[in-house]
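Shown next: start.cif, containing mmCIF, C-alpha atoms.
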```cif
data_data
loop_
_atom_site.label_atom_id
_atom_site.label_comp_id
_atom_site.auth_asym_id
_atom_site.auth_seq_id
_atom_site.Cartn_x
_atom_site.Cartn_y
_atom_site.Cartn_z
CA MET A 1 103.80 116.14 130.89
CA GLN A 2 105.93 113.62 129.07
CA PHE A 3 105.24 110.34 127.29
CA LYS A 4 107.70 107.90 125.72
CA TYR A 5 107.14 105.18 123.17
CA LYS A 6 109.59 102.56 121.89
CA ILE A 7 109.37 101.77 118.19
CA ALA A 8 110.72 98.60 116.57
CA GLY A 9 112.06 98.87 113.02
CA GLY A 10 110.16 96.69 110.55
CA ASP A 11 107.19 96.14 112.87
CA PHE A 12 104.39 97.23 110.53
CA THR A 13 101.71 95.57 112.63
CA ASN A 14 102.27 98.08 115.40
CA ALA A 15 103.17 101.11 113.26
CA GLY A 16 100.83 103.86 114.33
CA ASN A 17 100.24 102.67 117.89
CA ALA A 18 102.22 105.57 119.38
CA SER A 19 100.43 108.10 117.16
CA SER A 20 97.09 106.59 118.17
CA ALA A 21 98.01 106.87 121.86
CA VAL A 22 99.00 110.53 121.39
CA LYS A 23 95.74 111.22 119.53
CA LYS A 24 93.80 109.90 122.56
CA ILE A 25 95.86 112.06 124.94
CA LEU A 26 95.19 115.19 122.83
CA LYS A 27 91.49 114.42 122.86
CA GLN A 28 91.52 114.09 126.65
CA LEU A 29 93.33 117.42 126.86
CA ASN A 30 90.65 119.01 124.64
CA VAL A 31 93.23 120.17 122.10
CA ASP A 32 91.59 121.90 119.12
CA HIS A 33 90.53 119.29 116.58
CA VAL A 34 92.34 120.85 113.59
CA ILE A 35 95.59 121.28 115.55
CA SER A 36 95.31 117.72 116.85
CA LYS A 37 94.93 116.37 113.30
CA HIS A 38 98.05 118.25 112.15
CA ILE A 39 99.99 116.81 115.10
CA VAL A 40 98.94 113.19 114.63
CA VAL A 41 99.34 113.23 110.83
CA ALA A 42 102.92 114.54 111.15
CA LEU A 43 103.67 112.14 114.00
CA TYR A 44 102.21 109.16 112.16
CA GLU A 45 104.33 109.83 109.05
CA ALA A 46 107.38 110.15 111.33
CA GLU A 47 106.52 106.94 113.19
CA VAL A 48 106.08 105.07 109.90
CA ASN A 49 109.49 106.40 108.81
CA ILE A 50 111.14 104.81 111.87
CA VAL A 51 109.39 101.49 111.21
CA ALA A 52 110.25 101.70 107.50
CA HIS A 53 113.89 102.79 107.70
CA ALA A 54 115.39 102.39 111.19
CA TYR A 55 116.33 99.47 113.43
CA SER A 56 114.72 100.98 116.50
CA GLY A 57 113.59 104.32 117.82
CA VAL A 58 112.16 106.26 120.71
CA ILE A 59 109.39 108.84 120.49
CA GLU A 60 109.35 111.38 123.28
CA VAL A 61 106.30 113.62 123.55
CA ASN A 62 106.47 116.72 125.73
CA ILE A 63 103.29 118.68 126.24
CA ASP A 64 102.88 121.96 128.08
CA GLU A 65 100.09 124.49 127.89
CA ASN A 66 101.58 126.28 124.87
CA GLN A 67 103.07 123.59 122.69
CA ILE A 68 103.67 119.95 121.98
CA HIS A 69 107.28 119.08 121.27
CA ILE A 70 107.87 115.62 119.83
CA ILE A 71 111.36 114.14 119.49
CA LEU A 72 111.82 111.04 117.35
CA ASP A 73 115.27 109.57 117.82
CA ASP A 74 116.20 106.47 115.86
CA LYS A 75 119.08 104.10 115.43
CA GLY A 76 119.36 103.36 111.76
CA PRO A 77 121.11 104.09 108.48
CA GLY A 78 120.58 107.84 108.84
CA ILE A 79 120.08 110.28 105.97
CA ALA A 80 123.17 111.28 103.97
CA ASP A 81 121.56 114.21 102.17
CA ILE A 82 118.65 115.74 104.08
CA ASP A 83 117.83 118.29 101.36
CA GLN A 84 117.47 115.49 98.84
CA ALA A 85 115.34 113.45 101.27
CA MET A 86 113.05 116.45 101.73
CA GLU A 87 112.30 116.60 98.00
CA GLU A 88 108.81 115.31 97.24
CA GLY A 89 109.02 112.06 95.33
CA TYR A 90 112.49 111.09 96.55
CA SER A 91 112.37 107.78 98.40
CA THR A 92 114.63 104.93 99.44
CA ALA A 93 111.74 102.81 100.72
CA SER A 94 111.70 99.04 100.24
CA PRO A 95 108.97 97.24 98.24
CA GLN A 96 107.57 96.07 101.61
CA VAL A 97 107.10 99.68 102.70
CA ARG A 98 105.34 100.47 99.41
CA GLU A 99 102.99 97.52 99.97
CA MET A 100 101.97 99.18 103.23
CA GLY A 101 100.80 102.25 101.31
CA PHE A 102 103.87 104.42 101.94
CA GLY A 103 107.25 104.99 100.30
CA ALA A 104 106.21 107.54 97.69
CA GLY A 105 108.61 110.17 98.99
CA MET A 106 105.85 112.26 100.58
CA GLY A 107 106.46 111.60 104.27
CA LEU A 108 108.96 114.32 105.18
CA ALA A 109 107.06 116.91 103.12
CA ASN A 110 103.80 115.89 104.83
CA MET A 111 105.46 116.26 108.23
CA LYS A 112 106.85 119.69 107.38
CA ARG A 113 103.50 120.89 106.04
CA ASN A 114 101.67 119.82 109.20
CA ALA A 115 104.18 120.90 111.85
CA ASP A 116 104.68 124.51 112.94
CA LYS A 117 108.40 123.77 113.17
CA MET A 118 110.42 120.73 112.09
CA LEU A 119 114.10 120.02 112.70
CA ILE A 120 116.04 117.07 111.28
CA SER A 121 119.57 116.04 112.03
CA SER A 122 121.23 112.83 111.02
CA GLU A 123 124.47 110.96 111.24
CA PRO A 124 124.80 108.46 108.38
CA GLY A 125 125.33 104.97 109.76
CA LYS A 126 124.05 105.92 113.21
CA GLY A 127 120.58 107.39 113.06
CA THR A 128 118.22 110.28 112.60
CA LYS A 129 116.61 112.73 114.99
CA VAL A 130 113.43 114.57 114.05
CA GLU A 131 111.78 117.22 116.18
CA LEU A 132 108.22 118.34 115.56
CA ILE A 133 106.81 121.39 117.28
CA HIS A 134 103.14 122.34 117.22
CA TYR A 135 101.66 125.32 119.01
CA LEU A 136 98.51 124.41 120.85
CA LYS A 137 96.76 127.75 120.56
CA PRO A 138 95.56 128.66 117.06
CA ASP A 139 96.94 132.21 117.27
CA ALA A 140 100.40 131.31 118.63
CA GLY A 141 103.55 130.96 116.55
CA MET H 142 72.98 113.29 100.21
CA LYS H 143 73.25 109.50 100.46
CA THR H 144 73.52 107.55 103.69
CA ILE H 145 76.35 105.06 104.00
CA LYS H 146 73.74 102.30 103.95
CA GLU H 147 72.49 103.48 100.53
CA ILE H 148 76.09 103.76 99.34
CA ALA H 149 76.78 100.16 100.41
CA GLU H 150 73.79 99.01 98.31
CA ILE H 151 74.95 100.96 95.23
CA ILE H 152 78.35 99.22 95.24
CA GLY H 153 77.07 95.73 96.14
CA GLY H 154 78.89 96.14 99.42
CA LYS H 155 78.89 94.16 102.61
CA VAL H 156 79.34 95.98 105.92
CA LEU H 157 82.09 94.35 107.99
CA CYS H 158 81.88 96.46 111.10
CA CYS H 159 80.40 99.42 112.88
CA HIS H 160 76.81 99.06 111.59
CA GLU H 161 75.74 101.75 114.06
CA LYS H 162 77.01 104.37 111.61
CA SER H 163 74.71 103.13 108.79
CA ASP H 164 72.47 106.20 108.80
CA ARG H 165 75.29 108.74 108.57
CA HIS H 166 75.34 110.87 105.44
CA ILE H 167 78.31 110.98 103.08
CA GLU H 168 79.09 114.11 101.13
CA HIS H 169 82.69 113.61 99.97
CA ALA H 170 84.90 110.68 99.00
CA PHE H 171 88.57 110.18 98.16
CA ALA H 172 90.14 107.18 96.41
CA SER H 173 93.78 106.18 96.86
CA ASP H 174 96.04 103.25 97.66
CA LEU H 175 98.76 105.62 98.79
CA MET H 176 98.33 106.43 102.46
CA SER H 177 100.62 109.49 102.37
CA ASP H 178 98.22 110.90 99.79
CA VAL H 179 95.24 110.26 102.08
CA LEU H 180 97.11 112.00 104.92
CA THR H 181 97.30 115.23 102.89
CA VAL H 182 93.51 115.61 102.79
CA GLU H 183 92.36 118.21 105.30
CA MET H 184 88.65 117.46 105.09
CA ASP H 185 87.05 115.35 107.84
CA ASN H 186 84.31 112.73 107.66
CA LEU H 187 85.41 111.51 104.31
CA LEU H 188 84.69 108.19 102.73
CA LEU H 189 87.92 106.46 101.65
CA ILE H 190 87.86 104.07 98.69
CA THR H 191 90.98 101.90 98.56
CA GLY H 192 92.44 98.62 97.39
CA LEU H 193 94.91 98.62 100.28
CA ALA H 194 93.60 96.13 102.83
CA ASN H 195 95.98 96.29 105.76
CA LEU H 196 96.25 97.76 109.25
CA GLN H 197 97.88 100.94 107.94
CA ALA H 198 94.71 101.81 106.00
CA ILE H 199 92.83 101.81 109.33
CA ARG H 200 95.57 103.75 111.15
CA THR H 201 95.66 106.30 108.33
CA ALA H 202 91.89 106.73 108.53
CA GLU H 203 92.14 107.15 112.29
CA MET H 204 94.76 109.92 112.01
CA SER H 205 92.80 111.65 109.21
CA ASP H 206 89.42 111.45 111.01
CA ILE H 207 88.00 109.31 108.23
CA SER H 208 85.04 107.29 109.50
CA PHE H 209 84.25 105.11 106.47
CA ILE H 210 86.39 102.85 104.26
CA ILE H 211 85.33 100.87 101.21
CA PHE H 212 87.73 98.08 100.21
CA ALA H 213 87.54 97.37 96.50
CA ARG H 214 87.74 94.05 94.59
CA ASN H 215 86.92 91.69 97.46
CA LYS H 216 90.22 92.11 99.27
CA LYS H 217 90.78 89.73 102.16
CA ILE H 218 89.96 91.69 105.29
CA ASN H 219 91.45 89.81 108.24
CA SER H 220 90.17 89.85 111.82
CA ASP H 221 93.02 92.12 113.03
CA ILE H 222 91.89 94.80 110.56
CA ILE H 223 88.25 94.49 111.67
CA ALA H 224 89.24 94.55 115.38
CA LEU H 225 91.27 97.76 114.91
CA ALA H 226 88.40 99.36 112.96
CA GLU H 227 85.97 98.48 115.77
CA GLU H 228 88.33 99.91 118.36
CA THR H 229 88.74 103.17 116.42
CA GLY H 230 85.11 103.40 115.27
CA ILE H 231 85.72 103.18 111.52
CA MET H 232 83.02 101.57 109.42
CA LEU H 233 84.33 99.04 106.89
CA ILE H 234 82.57 97.96 103.70
CA GLU H 235 83.87 95.42 101.20
CA SER H 236 82.78 95.58 97.58
CA PRO H 237 83.36 93.27 94.62
CA PHE H 238 83.69 96.32 92.31
CA SER H 239 86.97 97.98 91.29
CA VAL H 240 88.11 101.33 92.69
CA PHE H 241 87.21 102.84 89.30
CA ARG H 242 83.67 101.46 89.29
CA ILE H 243 82.99 102.32 92.94
CA SER H 244 84.21 105.86 92.31
CA GLY H 245 82.10 106.14 89.14
CA GLU H 246 78.93 104.81 90.75
CA LEU H 247 79.26 107.07 93.78
CA TYR H 248 80.06 110.13 91.67
CA LYS H 249 76.92 109.39 89.64
CA ALA H 250 74.95 109.13 92.89
CA GLY H 251 76.05 112.63 93.91
CA VAL H 252 79.00 111.95 96.21
CA LYS H 253 81.46 114.80 95.70
CA PRO H 254 85.22 114.67 95.11
CA VAL H 255 87.60 116.49 97.48
CA TYR H 256 89.64 117.98 94.65
#
```

Render the structure in this file as structure tokens.
Amino acid sequence: MQFKYKIAGGDFTNAGNASSAVKKILKQLNVDHVISKHIVVALYEAEVNIVAHAYSGVIEVNIDENQIHIILDDKGPGIADIDQAMEEGYSTASPQVREMGFGAGMGLANMKRNADKMLISSEPGKGTKVELIHYLKPDAG
Amino acid sequence: MKTIKEIAEIIGGKVLCCHEKSDRHIEHAFASDLMSDVLTVEMDNLLLITGLANLQAIRTAEMSDISFIIFARNKKINSDIIALAEETGIMLIESPFSVFRISGELYKAGVKPVY
């Protein structure tokens, strides 16, 4: 099954709505509680990143019996140096983002720690694409 | 182990929503204003002590399976925050004390740290 969510850059009021919707779906599907928490924590950090840095984005969630594959595709400034962005503590977040309780340079590392697989590609000036893969059975992967 | 109702009394707190959880017991607490930090905590059923009074504190608690939040220093908790907490079943308590004092009082009362 597939679900899609549109994300508006800068819309902090609604940041987290997509992650909340996915959390409810995982609960309905009886996904293991620990796996579900890893999925929604990674997704929420990624969703906040779109709101914090991009102009707009789309989250596509694909679920089959073995895995959940989430693609976050945004239109935005992109990331010039992904290795640098992955370093804990490195951040380009605005003061507004910091006021929301984010922007400490922990987001990408949190996503990587929670996902079974994470892929990032980016074109500076155009946007960033993040893929998060989680296996739904504790012994898979 | 203290109930959340007893904890609210210790910190001079006022319960803003989800009174039905008043008899639940609290074993561990975590204090932070940085939501990415909260999202690294693996433990469930935590009590979060924070000075960050916005919707993202509620969303962070939802994603982390945190059922209780104490807002320190009489932060203004608007109706949108309370509505989202009600929808997600997160009990909110406001306290006039600082994060430091709330943490100290609860530690003294036997609430354990995560780390």

Could you state which residues are captured by the PyMOL selection byres ((chain A and resi 64-76) around 6) in this file, as a count of residues only?
-> 23

Could you write out as a VMD selection string the residues that the PyMOL selection byres ((chain H) within 12 of (chain A)) matches in the shown file?
-> chain H and resid 173 to 185 191 to 207 221 to 222 225 228 to 229

Care to translate the PyMOL selection byres ((chain A and resi 85) around 12) into actual residues of this file, as a ChimeraX atom specification?
-> /A:49,78-84,86-93,103-109,120-122

Let me see the file: selected residues, C-alpha atoms, as a compact mmCIF listing (two decimals), in the frame of the given file.
```txt
# COMPACT_ATOMS: atom_id res chain seq x y z
CA ASN A 49 109.49 106.40 108.81
CA GLY A 78 120.58 107.84 108.84
CA ILE A 79 120.08 110.28 105.97
CA ALA A 80 123.17 111.28 103.97
CA ASP A 81 121.56 114.21 102.17
CA ILE A 82 118.65 115.74 104.08
CA ASP A 83 117.83 118.29 101.36
CA GLN A 84 117.47 115.49 98.84
CA MET A 86 113.05 116.45 101.73
CA GLU A 87 112.30 116.60 98.00
CA GLU A 88 108.81 115.31 97.24
CA GLY A 89 109.02 112.06 95.33
CA TYR A 90 112.49 111.09 96.55
CA SER A 91 112.37 107.78 98.40
CA THR A 92 114.63 104.93 99.44
CA ALA A 93 111.74 102.81 100.72
CA GLY A 103 107.25 104.99 100.30
CA ALA A 104 106.21 107.54 97.69
CA GLY A 105 108.61 110.17 98.99
CA MET A 106 105.85 112.26 100.58
CA GLY A 107 106.46 111.60 104.27
CA LEU A 108 108.96 114.32 105.18
CA ALA A 109 107.06 116.91 103.12
CA ILE A 120 116.04 117.07 111.28
CA SER A 121 119.57 116.04 112.03
CA SER A 122 121.23 112.83 111.02
```

What is the atom CA of Val31 of chain A-atom CA of Glu227 of chain H distance in Å, reported with one decimal?
-> 23.7 Å

At what distance in Å, to one decimal, does atom CA of Asp164 of chain H lie from atom CA of Ile151 of chain H?
->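 Atom-to-atom, atom CA of Ile151 of chain H to atom CA of Asp164 of chain H, that is 14.8 Å.
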
Length of the atom CA of Gly10 of chain A to atom CA of Pro95 of chain A vector [Å] |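 Separation of atom CA of Gly10 of chain A and atom CA of Pro95 of chain A: 12.4 Å.
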
I need every residue sitting at most 10 Å from the point (84.7, 102.6, 115.9) (coordinates as in the file, only C-alpha atoms considered), written as a compact mmCIF listing (two decimals) with C-alpha atoms, in the coordinates of the input.
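Final file, part_3.txt:
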```txt
# COMPACT_ATOMS: atom_id res chain seq x y z
CA CYS H 158 81.88 96.46 111.10
CA CYS H 159 80.40 99.42 112.88
CA HIS H 160 76.81 99.06 111.59
CA GLU H 161 75.74 101.75 114.06
CA LYS H 162 77.01 104.37 111.61
CA GLU H 203 92.14 107.15 112.29
CA SER H 208 85.04 107.29 109.50
CA PHE H 209 84.25 105.11 106.47
CA ILE H 223 88.25 94.49 111.67
CA ALA H 224 89.24 94.55 115.38
CA LEU H 225 91.27 97.76 114.91
CA ALA H 226 88.40 99.36 112.96
CA GLU H 227 85.97 98.48 115.77
CA GLU H 228 88.33 99.91 118.36
CA THR H 229 88.74 103.17 116.42
CA GLY H 230 85.11 103.40 115.27
CA ILE H 231 85.72 103.18 111.52
CA MET H 232 83.02 101.57 109.42
CA LEU H 233 84.33 99.04 106.89
```

Take the structure in the block and write a file for segment 213-252 of chain H, N, CA and C atoms, as a PDB file, in the first residue's frame.
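Written output follows (decode_23.pdb):
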```
ATOM      1  N   ALA H 213       7.883  23.821  32.414  1.00  0.00           N
ATOM      2  CA  ALA H 213       8.451  24.582  33.523  1.00  0.00           C
ATOM      3  C   ALA H 213       8.180  26.082  33.396  1.00  0.00           C
ATOM      4  N   ARG H 214       8.294  26.794  34.507  1.00  0.00           N
ATOM      5  CA  ARG H 214       8.279  28.262  34.590  1.00  0.00           C
ATOM      6  C   ARG H 214       7.053  28.912  33.964  1.00  0.00           C
ATOM      7  N   ASN H 215       5.880  28.316  34.224  1.00  0.00           N
ATOM      8  CA  ASN H 215       4.610  28.924  33.805  1.00  0.00           C
ATOM      9  C   ASN H 215       4.592  29.394  32.354  1.00  0.00           C
ATOM     10  N   LYS H 216       5.048  28.536  31.466  1.00  0.00           N
ATOM     11  CA  LYS H 216       4.998  28.886  30.037  1.00  0.00           C
ATOM     12  C   LYS H 216       3.547  28.990  29.594  1.00  0.00           C
ATOM     13  N   LYS H 217       3.305  29.827  28.617  1.00  0.00           N
ATOM     14  CA  LYS H 217       1.943  29.989  28.098  1.00  0.00           C
ATOM     15  C   LYS H 217       1.607  28.767  27.240  1.00  0.00           C
ATOM     16  N   ILE H 218       0.638  28.002  27.684  1.00  0.00           N
ATOM     17  CA  ILE H 218       0.248  26.803  26.943  1.00  0.00           C
ATOM     18  C   ILE H 218      -1.040  27.126  26.209  1.00  0.00           C
ATOM     19  N   ASN H 219      -0.976  27.306  24.887  1.00  0.00           N
ATOM     20  CA  ASN H 219      -2.178  27.739  24.174  1.00  0.00           C
ATOM     21  C   ASN H 219      -3.130  26.571  23.886  1.00  0.00           C
ATOM     22  N   SER H 220      -4.322  26.921  23.425  1.00  0.00           N
ATOM     23  CA  SER H 220      -5.376  25.904  23.259  1.00  0.00           C
ATOM     24  C   SER H 220      -5.037  24.900  22.157  1.00  0.00           C
ATOM     25  N   ASP H 221      -4.234  25.311  21.158  1.00  0.00           N
ATOM     26  CA  ASP H 221      -3.826  24.366  20.102  1.00  0.00           C
ATOM     27  C   ASP H 221      -2.958  23.255  20.695  1.00  0.00           C
ATOM     28  N   ILE H 222      -2.079  23.644  21.626  1.00  0.00           N
ATOM     29  CA  ILE H 222      -1.188  22.661  22.264  1.00  0.00           C
ATOM     30  C   ILE H 222      -2.022  21.674  23.084  1.00  0.00           C
ATOM     31  N   ILE H 223      -2.988  22.214  23.839  1.00  0.00           N
ATOM     32  CA  ILE H 223      -3.822  21.346  24.687  1.00  0.00           C
ATOM     33  C   ILE H 223      -4.685  20.423  23.809  1.00  0.00           C
ATOM     34  N   ALA H 224      -5.214  20.964  22.711  1.00  0.00           N
ATOM     35  CA  ALA H 224      -6.059  20.148  21.814  1.00  0.00           C
ATOM     36  C   ALA H 224      -5.255  18.989  21.221  1.00  0.00           C
ATOM     37  N   LEU H 225      -4.011  19.267  20.805  1.00  0.00           N
ATOM     38  CA  LEU H 225      -3.186  18.199  20.221  1.00  0.00           C
ATOM     39  C   LEU H 225      -2.815  17.156  21.288  1.00  0.00           C
ATOM     40  N   ALA H 226      -2.583  17.610  22.510  1.00  0.00           N
ATOM     41  CA  ALA H 226      -2.267  16.677  23.604  1.00  0.00           C
ATOM     42  C   ALA H 226      -3.473  15.783  23.906  1.00  0.00           C
ATOM     43  N   GLU H 227      -4.665  16.375  23.868  1.00  0.00           N
ATOM     44  CA  GLU H 227      -5.879  15.575  24.114  1.00  0.00           C
ATOM     45  C   GLU H 227      -6.053  14.530  23.018  1.00  0.00           C
ATOM     46  N   GLU H 228      -5.829  14.960  21.792  1.00  0.00           N
ATOM     47  CA  GLU H 228      -5.984  14.061  20.641  1.00  0.00           C
ATOM     48  C   GLU H 228      -4.989  12.891  20.706  1.00  0.00           C
ATOM     49  N   THR H 229      -3.780  13.171  21.188  1.00  0.00           N
ATOM     50  CA  THR H 229      -2.744  12.139  21.205  1.00  0.00           C
ATOM     51  C   THR H 229      -2.606  11.471  22.575  1.00  0.00           C
ATOM     52  N   GLY H 230      -3.425  11.887  23.547  1.00  0.00           N
ATOM     53  CA  GLY H 230      -3.443  11.242  24.854  1.00  0.00           C
ATOM     54  C   GLY H 230      -2.214  11.513  25.699  1.00  0.00           C
ATOM     55  N   ILE H 231      -1.710  12.744  25.633  1.00  0.00           N
ATOM     56  CA  ILE H 231      -0.521  13.100  26.421  1.00  0.00           C
ATOM     57  C   ILE H 231      -0.932  14.047  27.546  1.00  0.00           C
ATOM     58  N   MET H 232      -0.640  13.651  28.766  1.00  0.00           N
ATOM     59  CA  MET H 232      -1.020  14.463  29.921  1.00  0.00           C
ATOM     60  C   MET H 232      -0.070  15.643  30.077  1.00  0.00           C
ATOM     61  N   LEU H 233      -0.641  16.840  30.228  1.00  0.00           N
ATOM     62  CA  LEU H 233       0.177  18.052  30.363  1.00  0.00           C
ATOM     63  C   LEU H 233       0.033  18.643  31.753  1.00  0.00           C
ATOM     64  N   ILE H 234       1.172  19.037  32.330  1.00  0.00           N
ATOM     65  CA  ILE H 234       1.174  19.679  33.644  1.00  0.00           C
ATOM     66  C   ILE H 234       2.014  20.945  33.525  1.00  0.00           C
ATOM     67  N   GLU H 235       1.498  22.064  34.047  1.00  0.00           N
ATOM     68  CA  GLU H 235       2.338  23.265  34.077  1.00  0.00           C
ATOM     69  C   GLU H 235       2.778  23.510  35.507  1.00  0.00           C
ATOM     70  N   SER H 236       4.016  23.975  35.647  1.00  0.00           N
ATOM     71  CA  SER H 236       4.583  24.205  36.977  1.00  0.00           C
ATOM     72  C   SER H 236       5.252  25.577  37.006  1.00  0.00           C
ATOM     73  N   PRO H 237       5.169  26.260  38.146  1.00  0.00           N
ATOM     74  CA  PRO H 237       5.865  27.553  38.249  1.00  0.00           C
ATOM     75  C   PRO H 237       7.376  27.374  38.453  1.00  0.00           C
ATOM     76  N   PHE H 238       7.822  26.162  38.804  1.00  0.00           N
ATOM     77  CA  PHE H 238       9.235  25.921  39.095  1.00  0.00           C
ATOM     78  C   PHE H 238      10.072  25.864  37.815  1.00  0.00           C
ATOM     79  N   SER H 239      11.387  26.043  37.976  1.00  0.00           N
ATOM     80  CA  SER H 239      12.319  25.926  36.851  1.00  0.00           C
ATOM     81  C   SER H 239      12.562  24.453  36.518  1.00  0.00           C
ATOM     82  N   VAL H 240      13.131  24.209  35.343  1.00  0.00           N
ATOM     83  CA  VAL H 240      13.488  22.835  34.954  1.00  0.00           C
ATOM     84  C   VAL H 240      14.418  22.227  36.005  1.00  0.00           C
ATOM     85  N   PHE H 241      15.364  23.046  36.490  1.00  0.00           N
ATOM     86  CA  PHE H 241      16.326  22.579  37.496  1.00  0.00           C
ATOM     87  C   PHE H 241      15.618  22.155  38.783  1.00  0.00           C
ATOM     88  N   ARG H 242      14.698  22.982  39.253  1.00  0.00           N
ATOM     89  CA  ARG H 242      14.019  22.660  40.515  1.00  0.00           C
ATOM     90  C   ARG H 242      13.073  21.463  40.359  1.00  0.00           C
ATOM     91  N   ILE H 243      12.354  21.419  39.251  1.00  0.00           N
ATOM     92  CA  ILE H 243      11.459  20.274  39.016  1.00  0.00           C
ATOM     93  C   ILE H 243      12.280  18.980  39.005  1.00  0.00           C
ATOM     94  N   SER H 244      13.396  19.022  38.269  1.00  0.00           N
ATOM     95  CA  SER H 244      14.253  17.839  38.171  1.00  0.00           C
ATOM     96  C   SER H 244      14.777  17.446  39.552  1.00  0.00           C
ATOM     97  N   GLY H 245      15.213  18.441  40.327  1.00  0.00           N
ATOM     98  CA  GLY H 245      15.754  18.172  41.661  1.00  0.00           C
ATOM     99  C   GLY H 245      14.708  17.577  42.596  1.00  0.00           C
ATOM    100  N   GLU H 246      13.528  18.183  42.594  1.00  0.00           N
ATOM    101  CA  GLU H 246      12.455  17.696  43.479  1.00  0.00           C
ATOM    102  C   GLU H 246      12.055  16.265  43.114  1.00  0.00           C
ATOM    103  N   LEU H 247      11.953  15.998  41.817  1.00  0.00           N
ATOM    104  CA  LEU H 247      11.510  14.658  41.403  1.00  0.00           C
ATOM    105  C   LEU H 247      12.596  13.615  41.646  1.00  0.00           C
ATOM    106  N   TYR H 248      13.843  14.004  41.475  1.00  0.00           N
ATOM    107  CA  TYR H 248      14.965  13.093  41.748  1.00  0.00           C
ATOM    108  C   TYR H 248      14.946  12.715  43.228  1.00  0.00           C
ATOM    109  N   LYS H 249      14.711  13.741  44.068  1.00  0.00           N
ATOM    110  CA  LYS H 249      14.645  13.545  45.518  1.00  0.00           C
ATOM    111  C   LYS H 249      13.487  12.601  45.885  1.00  0.00           C
ATOM    112  N   ALA H 250      12.416  12.693  45.097  1.00  0.00           N
ATOM    113  CA  ALA H 250      11.225  11.873  45.373  1.00  0.00           C
ATOM    114  C   ALA H 250      11.363  10.451  44.822  1.00  0.00           C
ATOM    115  N   GLY H 251      12.499  10.170  44.166  1.00  0.00           N
ATOM    116  CA  GLY H 251      12.731   8.794  43.714  1.00  0.00           C
ATOM    117  C   GLY H 251      12.507   8.545  42.233  1.00  0.00           C
ATOM    118  N   VAL H 252      12.183   9.590  41.475  1.00  0.00           N
ATOM    119  CA  VAL H 252      12.048   9.408  40.022  1.00  0.00           C
ATOM    120  C   VAL H 252      13.462   9.253  39.450  1.00  0.00           C
TER     121      VAL H 252
END
```
